[in-house]
Structure formats: structure tokens, C-alpha cells
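Notes for the one structure printed next.
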Amino acid sequence: METVFYVIIRALQFFVTAFAIYYVLVSLFGLRRHEESDYLPPRCRFALVIAAHNEEKVIGQLVSNLQQMDYPRELYDIYVIADNCTDRTAEVAREQGARVIERFNRREQGKGYALEYGFAQILSSDPNYDAVVVFDADNLVSTNFLLVMNTRLLRGESIIQGYLATKNPDDTWITKAICVGYLITNRFWQLAKYRLGLSCALGGTGMCISVPVLRRYGWGMTSLTEDLEFQTKALLNGLRVSWAHEARVFDEKPLTLARSWRQRRRWMQGHCDVAGRYFIRLLWQGLCRRDPAMIDGALYLCQPFLVMVCGVLLAYNLMHVQFHTALFWVLVSLALQISYFSVALRLERVERAVYSWLFYYPAFILTWIPVAFVGYLLRKKKEWTHTLHIRGIRYENLRTYTLREK
């Protein structure tokens, strides 16, 4: 039994080490990037779609922000899907000039269902849109966003994810940790995969989908992570998600660990659910077609299981390794991580104060371990949990902590 246990531990260590090496190798392609500043003339028509459930405190600021895009106003319309709202979300959105679609369905709740309903209504009422862009109600958006998406669409890209930034980075240690996490991911994962020709990850907001793709393949995403399910479905049909580093979306992050836990637990539930349904098929097709993007997409579906394996190995080391030895390797690991991650912050040209936030990041990362286990156990449950948004910040008052927007 001891021999079998030893073999299992060594296999798990090999699994984690292989993933770590792969991540580092991919991240190297994020060290450089070409800054895009030559935008093509505006031609594409956009439907900007916001799925909102009881968001009266923040929806007005987003709609007002979207009215001020550096893009011809006649080439885009703003739609708010007021989904099962019991507050003034619809009224506030109308006052700001948005077109409101109200939906009441207590049986099918969640963002995926709301978008399915909204897309059907929008595309049937106006068939001349070139693309839909999805935002969350708590977002703020860089004014060049549509110019970037117009350029990418005209160059042949069909599914594009915008840069995910933080709207309230300095509120609490949680938001600071999440902020640096997104900065690192944007640079060393999303941008790197885009430069490698792999498929990037959809983030649920700031994503642009061409209407021909939407009409051909439909939406139909009703899981708790509709973005992950759609990007997986796209990969199975030979479509890759591209990345727009210049088009920024600022998202409100949870202020407390408890709220962050509930949000991430939903993400892990959905991630495990999608992995269970698509992993084998995506990996098999990727191997048969020798398609690196599909294989990478399948590996991305393994993320929750990688986190759980790390948790098992951490517990094993705490029980079987001498304290001073374990402490030494923990400190070495932290030093290496903080040093390497600080490179991403330097490349993203953040202010000096942000570098100190890296010390919150390892503690926040550890909280993903129990979240992953709970998410896996609850993967079959599809009860939607609403994230409370309260930070009604106007775009002109946004504090980004970057030295300049790219």
C-alpha cells in the first residue's frame, strides 16, 4: 500500500510540474507585444448587450459611459436585458437612453438564459448588426473599445475578448489580489496565447461575437459559466477566441472573501460541469486533427482538477515534510513567483503602489483550493447566485493605477 501511495504522489507531482512548465513556456510569449494604434475606419454595426438583474446602482453609469464611445453613434445601439428585475434597473436604463428588453422567467434564471432571450429579440428586430458585444452591468469601458473591435472584425477575427481590468482595485486586500491576478493573466496568459495562435479564454464580459457566427452556431449557453461553454463549443467548430489588449473593460470585484467565495464557487461549478461534458471530446478531436489550440483548450478545462491536486500535494507535504524544510521551500516558491509576476506588472506599466499588492496574491491563490473542491462536488447544481454590485463610479472618475492606457 505504501508503494502504491508513493507512486500516486509522484504521478500527481509530475502532473503539476508538467502544467507549471507549460504555463511558464506559454507566458514567455507575453513578454513582448505590438501596440495597435492604427484603427480601420468605422464600418461595423454593433449591438451592445448588457444582461442585468437588479443593477439599479450601477447600470446608469455604464449606459452613460457607452453613450460616449469614440465611434459613430449611429453604428451602435445599447440594449439592457432586465432579467427578472424587482428594482428600477429597467427604468434607470431607459432614462439613460438604452433600449430595454424585460424578461420574467423564474424557472430559467441566469445570465446564459438572459442572453439567449436577448439575442433572439435583438437579431430578429434588426438583422443588420455585424456583431454583438456583451457587457456586465457593473462594468465601465474604455472609449476606444468599439474602434478596436471594428478593426479586428474587418481583419477577419470573429470572436474577440477584450482586456479585463478592475474597476475598484484599492478597496480591500481581496480586490488588490484580484487586480494583480488579472494583470498577470492578461499579460502572461491571454496575450501570450493570442501571439501563439491558441484560443484565448472568454471572460463573460467585454466579449465581441460576430453575428454570422452567432446565427450559424447559436448561443444555447445555459451553464453557470456560459462564456467557457461557448469558447469550448467554438473550438469544437474550428473557431478560436482572439484577444484585444487595447480594448479595456473595468469590472467591479467583490469586497470580501465571503462574496468572492460565492462568485468563484459558481465559476468552479460551471467549469467542472463543462469539463465533464467536453474534455474528452475536445482532447480527442485535438489529437486527431493535430490542432494545438484544441489540445490547449482541453488542458484549460483541467484547471479545477489541477487546483485540487495542488491542494492534495500541499496537505501531503505539510504532513510528511519537516517544518523547517517545508518553510524553506515555501519562501523560495513565493520569492520566485513574486519576482516573475512583478515582470508582468512592469510590462503593464502599473504604478509603484501596485507592486506591494503582489504579497496578497499568494494568500488569495490558496483560497482557490477549497473553492475548487466545493465547486466540483456541486458541479451538477445550476442554481444561479447573484453578485451584489454597489460601486457606482463614473468613467471619468475611474482610478486605473496604470501609467497610461495602451
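Residues in the C-alpha cells are named by chain (A, B, ... in the order shown) and by number from 1 within that chain; ligands are numbered from 1 in the order shown.
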>> as a PyMOL selection string, please: the residues near Val24 in chain A (cut-off 10 Å, only C-alpha atoms, same-chain neighbours under 6 positions excluded).
In response: chain A and resi 188-189+340
Can you write just those residues out, C-alpha atoms, as a compact mmCIF listing (two decimals), in the first residue's frame?
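The resulting selection.txt:
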```
# COMPACT_ATOMS: atom_id res chain seq x y z
CA PHE A 188 1.20 36.16 -19.39
CA TRP A 189 -1.79 34.04 -20.43
CA TYR A 340 8.32 36.68 -12.05
```
Using only C-alpha atoms, find each residue of range 361-403 of chain A with at least one atom at most 12 Å away from an atom of range 347-355 of chain A; report its shortest atom-to-atom pair and that distance in Å (one decimal), sort the rows by chain and rising residue number, and return the result as a tab-separated table.
```
residue	atom	partner	partner_atom	distance
A:Tyr361	CA	A:Tyr355	CA	10.7
A:Arg399	CA	A:Glu351	CA	11.2
A:Thr400	CA	A:Val350	CA	8.6
A:Tyr401	CA	A:Glu351	CA	5.6
A:Thr402	CA	A:Val350	CA	4.2
A:Leu403	CA	A:Val350	CA	5.7
```
Filtering to N, CA and C atoms, could you give me those residues as a tab-separated table (two decimals), in the first residue's frame?
```tsv
chain	number	residue	atom	x	y	z
A	361	TYR	N	-1.43	38.26	-3.13
A	361	TYR	CA	-1.84	37.31	-4.15
A	361	TYR	C	-1.67	35.84	-3.74
A	399	ARG	N	-10.19	55.17	-11.41
A	399	ARG	CA	-8.77	55.14	-10.99
A	399	ARG	C	-8.19	53.82	-11.45
A	400	THR	N	-7.28	53.85	-12.43
A	400	THR	CA	-6.82	52.61	-13.05
A	400	THR	C	-5.49	52.09	-12.52
A	401	TYR	N	-4.68	52.96	-11.92
A	401	TYR	CA	-3.35	52.59	-11.41
A	401	TYR	C	-2.39	52.18	-12.53
A	402	THR	N	-2.70	52.53	-13.76
A	402	THR	CA	-1.74	52.33	-14.85
A	402	THR	C	-1.18	53.70	-15.23
A	403	LEU	N	0.05	53.71	-15.66
A	403	LEU	CA	0.70	54.97	-16.01
A	403	LEU	C	0.10	55.58	-17.26
```
Env of range 261-265 of chain A: 9 Å cut, atoms = only C-alpha atoms, seq-sep filter 6 positions within chain, self excluded. Answer as a short mmCIF file (atom, residue, chain, number, x, y, z; two decimals) with C-alpha atoms, in the first residue's frame.
```cif
data_model
loop_
_atom_site.label_atom_id
_atom_site.label_comp_id
_atom_site.auth_asym_id
_atom_site.auth_seq_id
_atom_site.Cartn_x
_atom_site.Cartn_y
_atom_site.Cartn_z
CA PRO A 254 -16.14 41.53 -4.62
CA THR A 367 -8.35 30.08 -1.12
CA TRP A 368 -8.95 28.63 -4.60
CA VAL A 371 -13.36 26.59 -3.69
CA ALA A 372 -12.32 24.03 -6.32
CA VAL A 374 -16.70 22.57 -3.30
CA GLY A 375 -17.29 23.55 -6.92
CA TYR A 376 -16.56 20.01 -8.06
CA LEU A 378 -21.70 20.91 -6.56
CA THR A 385 -26.19 33.24 -7.40
CA HIS A 386 -26.29 36.98 -7.98
CA THR A 387 -23.16 39.04 -7.18
#
```
> What lies within 7 Å of Thr143 in chain A using only C-alpha atoms, ignoring chain neighbours under 3 positions off, as a ChimeraX atom specification?
Replying inline: /A:68-70
Written selection (C-alpha atoms) as a PDB file, in the first residue's frame:
```pdb
ATOM      1  CA  GLN A  68     -19.641  58.330 -25.163  1.00  0.00           C
ATOM      2  CA  MET A  69     -17.665  55.816 -27.240  1.00  0.00           C
ATOM      3  CA  ASP A  70     -15.167  57.135 -29.804  1.00  0.00           C
TER       4      ASP A  70
END
```
>> Applying 9 Å and only C-alpha atoms, which residues near range 273-276 of chain A remain after dropping the ones on its own chain fewer than 4 positions away? List them as a ChimeraX atom specification.
In response: /A:223-225,228-229,232,268-269,280,298,300-302,376,379-380
Residues from last step as file, C-alpha atoms, as a PDB file, in the first residue's frame:
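again-v8.pdb written:
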```pdb
ATOM      1  CA  SER A 223     -24.447  26.591 -17.769  1.00  0.00           C
ATOM      2  CA  LEU A 224     -23.122  28.638 -14.843  1.00  0.00           C
ATOM      3  CA  THR A 225     -20.085  29.524 -16.999  1.00  0.00           C
ATOM      4  CA  LEU A 228     -16.381  28.878 -21.034  1.00  0.00           C
ATOM      5  CA  GLU A 229     -19.029  26.693 -22.662  1.00  0.00           C
ATOM      6  CA  THR A 232     -15.312  25.327 -25.962  1.00  0.00           C
ATOM      7  CA  MET A 268     -15.840  26.347 -10.433  1.00  0.00           C
ATOM      8  CA  GLN A 269     -19.225  24.603 -10.521  1.00  0.00           C
ATOM      9  CA  ILE A 280     -12.654  14.028 -23.694  1.00  0.00           C
ATOM     10  CA  ALA A 298      -8.832  20.786 -23.323  1.00  0.00           C
ATOM     11  CA  TYR A 300      -7.640  24.644 -19.826  1.00  0.00           C
ATOM     12  CA  LEU A 301     -10.723  22.623 -18.866  1.00  0.00           C
ATOM     13  CA  CYS A 302      -8.491  20.747 -16.380  1.00  0.00           C
ATOM     14  CA  TYR A 376     -16.558  20.007  -8.064  1.00  0.00           C
ATOM     15  CA  ARG A 379     -20.985  20.744 -10.304  1.00  0.00           C
ATOM     16  CA  LYS A 380     -24.418  19.306 -11.148  1.00  0.00           C
TER      17      LYS A 380
END
```
> Distance CA of Val312 in chain A-CA of Val330 in chain A, one decimal place?
Replying inline: 15.6 Å
Could you list, as a CSV table (one decimal) with N, CA and C atoms, in the first residue's frame, every residue within 12 Å of Tyr360 in chain A, counting only C-alpha atoms and ignoring same-chain residues fewer than 4 positions away?
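What follows is the written file out05.csv:
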```csv
chain,number,residue,atom,x,y,z
A,172,THR,N,-10.1,46.7,-1.0
A,172,THR,CA,-9.8,45.8,0.1
A,172,THR,C,-8.6,44.9,-0.4
A,173,TRP,N,-8.1,44.1,0.5
A,173,TRP,CA,-7.0,43.2,0.1
A,173,TRP,C,-7.5,42.2,-0.9
A,174,ILE,N,-8.8,41.9,-0.9
A,174,ILE,CA,-9.3,41.0,-1.9
A,174,ILE,C,-9.3,41.6,-3.3
A,175,THR,N,-9.7,42.8,-3.4
A,175,THR,CA,-9.7,43.5,-4.7
A,175,THR,C,-8.3,43.7,-5.2
A,176,LYS,N,-7.4,44.0,-4.3
A,176,LYS,CA,-6.0,44.2,-4.7
A,176,LYS,C,-5.4,42.9,-5.2
A,177,ALA,N,-5.7,41.8,-4.6
A,177,ALA,CA,-5.2,40.5,-5.0
A,177,ALA,C,-5.8,40.1,-6.4
A,178,ILE,N,-7.1,40.3,-6.5
A,178,ILE,CA,-7.8,40.0,-7.8
A,178,ILE,C,-7.2,40.9,-8.9
A,179,CYS,N,-7.0,42.2,-8.6
A,179,CYS,CA,-6.4,43.1,-9.6
A,179,CYS,C,-5.1,42.6,-10.2
A,180,VAL,N,-4.2,42.3,-9.3
A,180,VAL,CA,-2.9,41.8,-9.8
A,180,VAL,C,-3.0,40.5,-10.5
A,181,GLY,N,-4.0,39.7,-10.1
A,181,GLY,CA,-4.2,38.4,-10.7
A,181,GLY,C,-4.6,38.6,-12.2
A,334,LEU,N,7.6,31.5,-3.0
A,334,LEU,CA,7.0,32.8,-3.0
A,334,LEU,C,7.9,33.8,-3.7
A,338,ILE,N,6.7,36.0,-6.9
A,338,ILE,CA,6.6,37.4,-6.8
A,338,ILE,C,7.6,38.1,-7.8
A,354,VAL,N,1.2,49.3,-6.8
A,354,VAL,CA,0.5,48.1,-7.1
A,354,VAL,C,1.5,46.9,-6.9
A,355,TYR,N,2.8,47.1,-6.9
A,355,TYR,CA,3.7,46.0,-6.7
A,355,TYR,C,3.6,45.4,-5.3
A,356,SER,N,3.3,46.2,-4.3
A,356,SER,CA,3.1,45.7,-3.0
A,356,SER,C,1.9,44.8,-2.9
A,364,PHE,N,-4.5,34.7,-1.5
A,364,PHE,CA,-5.7,34.6,-2.2
A,364,PHE,C,-5.7,33.4,-3.1
A,365,ILE,N,-4.6,33.0,-3.7
A,365,ILE,CA,-4.5,31.8,-4.5
A,365,ILE,C,-4.8,30.6,-3.7
A,366,LEU,N,-4.4,30.5,-2.4
A,366,LEU,CA,-4.6,29.4,-1.6
A,366,LEU,C,-6.1,29.2,-1.3
A,367,THR,N,-6.9,30.2,-1.3
A,367,THR,CA,-8.4,30.1,-1.1
A,367,THR,C,-9.0,29.4,-2.3
```
> Among range 158-399 of chain A, which residues carry a DSSP assignment of strand (DSSP E), reported as a list of chain:residue names?
Replying inline: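 Selecting the strand (DSSP E) positions of range 158-399 of chain A gives A:Ile159, A:Ile160, A:Gln161, A:Gly162, A:Tyr163, A:Leu164, A:Ala165, A:Thr166, A:Met207, A:Cys208, A:Ile209, A:Ser210, A:Ser242, A:Trp243, A:Ala244, A:His245, A:Glu246, A:Ala247, A:Arg248, A:Val249, A:Phe250, A:Asp251.
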Write out as a PDB file with C-alpha atoms, in the first residue's frame the residues lying within 9 Å of range 164-168 of chain A, counting only C-alpha atoms and excluding same-chain residues fewer than 3 positions away.
```pdb
ATOM      1  CA  ASP A 138     -21.235  46.807 -13.252  1.00  0.00           C
ATOM      2  CA  ASN A 139     -18.671  47.483 -15.997  1.00  0.00           C
ATOM      3  CA  LEU A 140     -17.024  50.602 -17.338  1.00  0.00           C
ATOM      4  CA  GLN A 161     -12.174  39.058 -25.864  1.00  0.00           C
ATOM      5  CA  ASP A 171     -10.951  48.806  -1.934  1.00  0.00           C
ATOM      6  CA  THR A 172      -9.758  45.787   0.108  1.00  0.00           C
ATOM      7  CA  THR A 175      -9.729  43.464  -4.703  1.00  0.00           C
ATOM      8  CA  LYS A 176      -5.988  44.176  -4.678  1.00  0.00           C
ATOM      9  CA  ILE A 178      -7.764  40.027  -7.790  1.00  0.00           C
ATOM     10  CA  CYS A 179      -6.444  43.104  -9.588  1.00  0.00           C
ATOM     11  CA  TYR A 182      -5.967  39.824 -13.769  1.00  0.00           C
ATOM     12  CA  LEU A 183      -2.925  41.920 -14.712  1.00  0.00           C
ATOM     13  CA  ASN A 186      -3.958  39.328 -19.197  1.00  0.00           C
ATOM     14  CA  GLY A 203     -14.291  36.319 -19.622  1.00  0.00           C
ATOM     15  CA  THR A 205     -17.857  40.407 -20.312  1.00  0.00           C
ATOM     16  CA  GLY A 206     -16.111  42.535 -22.937  1.00  0.00           C
ATOM     17  CA  HIS A 245      -5.189  44.059 -25.368  1.00  0.00           C
ATOM     18  CA  ALA A 247      -9.864  47.365 -25.583  1.00  0.00           C
ATOM     19  CA  ARG A 248     -10.419  47.557 -21.831  1.00  0.00           C
ATOM     20  CA  VAL A 249     -13.337  46.605 -19.617  1.00  0.00           C
ATOM     21  CA  PHE A 250     -13.280  47.538 -15.939  1.00  0.00           C
ATOM     22  CA  ASP A 251     -15.165  45.071 -13.766  1.00  0.00           C
ATOM     23  CA  GLU A 252     -16.277  45.512 -10.143  1.00  0.00           C
ATOM     24  CA  LYS A 253     -14.665  42.911  -7.875  1.00  0.00           C
ATOM     25  CA  LEU A 255     -15.033  43.367  -1.484  1.00  0.00           C
ATOM     26  CA  ARG A 391     -19.686  50.781  -6.855  1.00  0.00           C
ATOM     27  CA  ILE A 393     -18.265  55.001 -10.384  1.00  0.00           C
ATOM     28  CA  LEU A 398     -12.103  55.792 -12.763  1.00  0.00           C
ATOM     29  CA  ARG A 399      -8.773  55.138 -10.988  1.00  0.00           C
ATOM     30  CA  THR A 400      -6.817  52.613 -13.051  1.00  0.00           C
TER      31      THR A 400
END
```
> Which of these, A:Val343, A:Glu157, A:Ile81, A:Leu331, has the shortest distance to Leu31 in chain A once you count only C-alpha atoms?
Replying inline: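 Selected residue with least distance to Leu31 in chain A: A:Val343.
Across the model, the gap from CA of Gly311 in chain A to CA of Leu377 in chain A is 15.2 Å.
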>> Please extract the residues of range 227-390 of chain A with a backbone DSSP assignment of alpha helix (DSSP H) and present them as a PyMOL selection string.
In response: chain A and resi 227-236+257-289+292-301+303-320+323-347+352-355+361-366+368-377
> Can you tell me how far CA of Arg215 in chain A sits from CA of Pro292 in chain A, in Å to one decimal?
Replying inline: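 Straight-line distance from CA of Arg215 in chain A to CA of Pro292 in chain A works out to 26.5 Å.
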> Quick one: of A:Pro72, A:Leu313, A:His324, A:Leu358, who's nearest to Ala11 in chain A, counting only C-alpha atoms?
Replying inline: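 Among the listed residues, the smallest separation from Ala11 in chain A belongs to A:Leu313.
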>> When you count only C-alpha atoms, which of these residues is closest to Ser27 in chain A: A:Ile59, A:Cys44, A:Ala363, A:Leu196?
In response: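 Of A:Ile59, A:Cys44, A:Ala363, A:Leu196, the one nearest Ser27 in chain A is A:Leu196, counting only C-alpha atoms.
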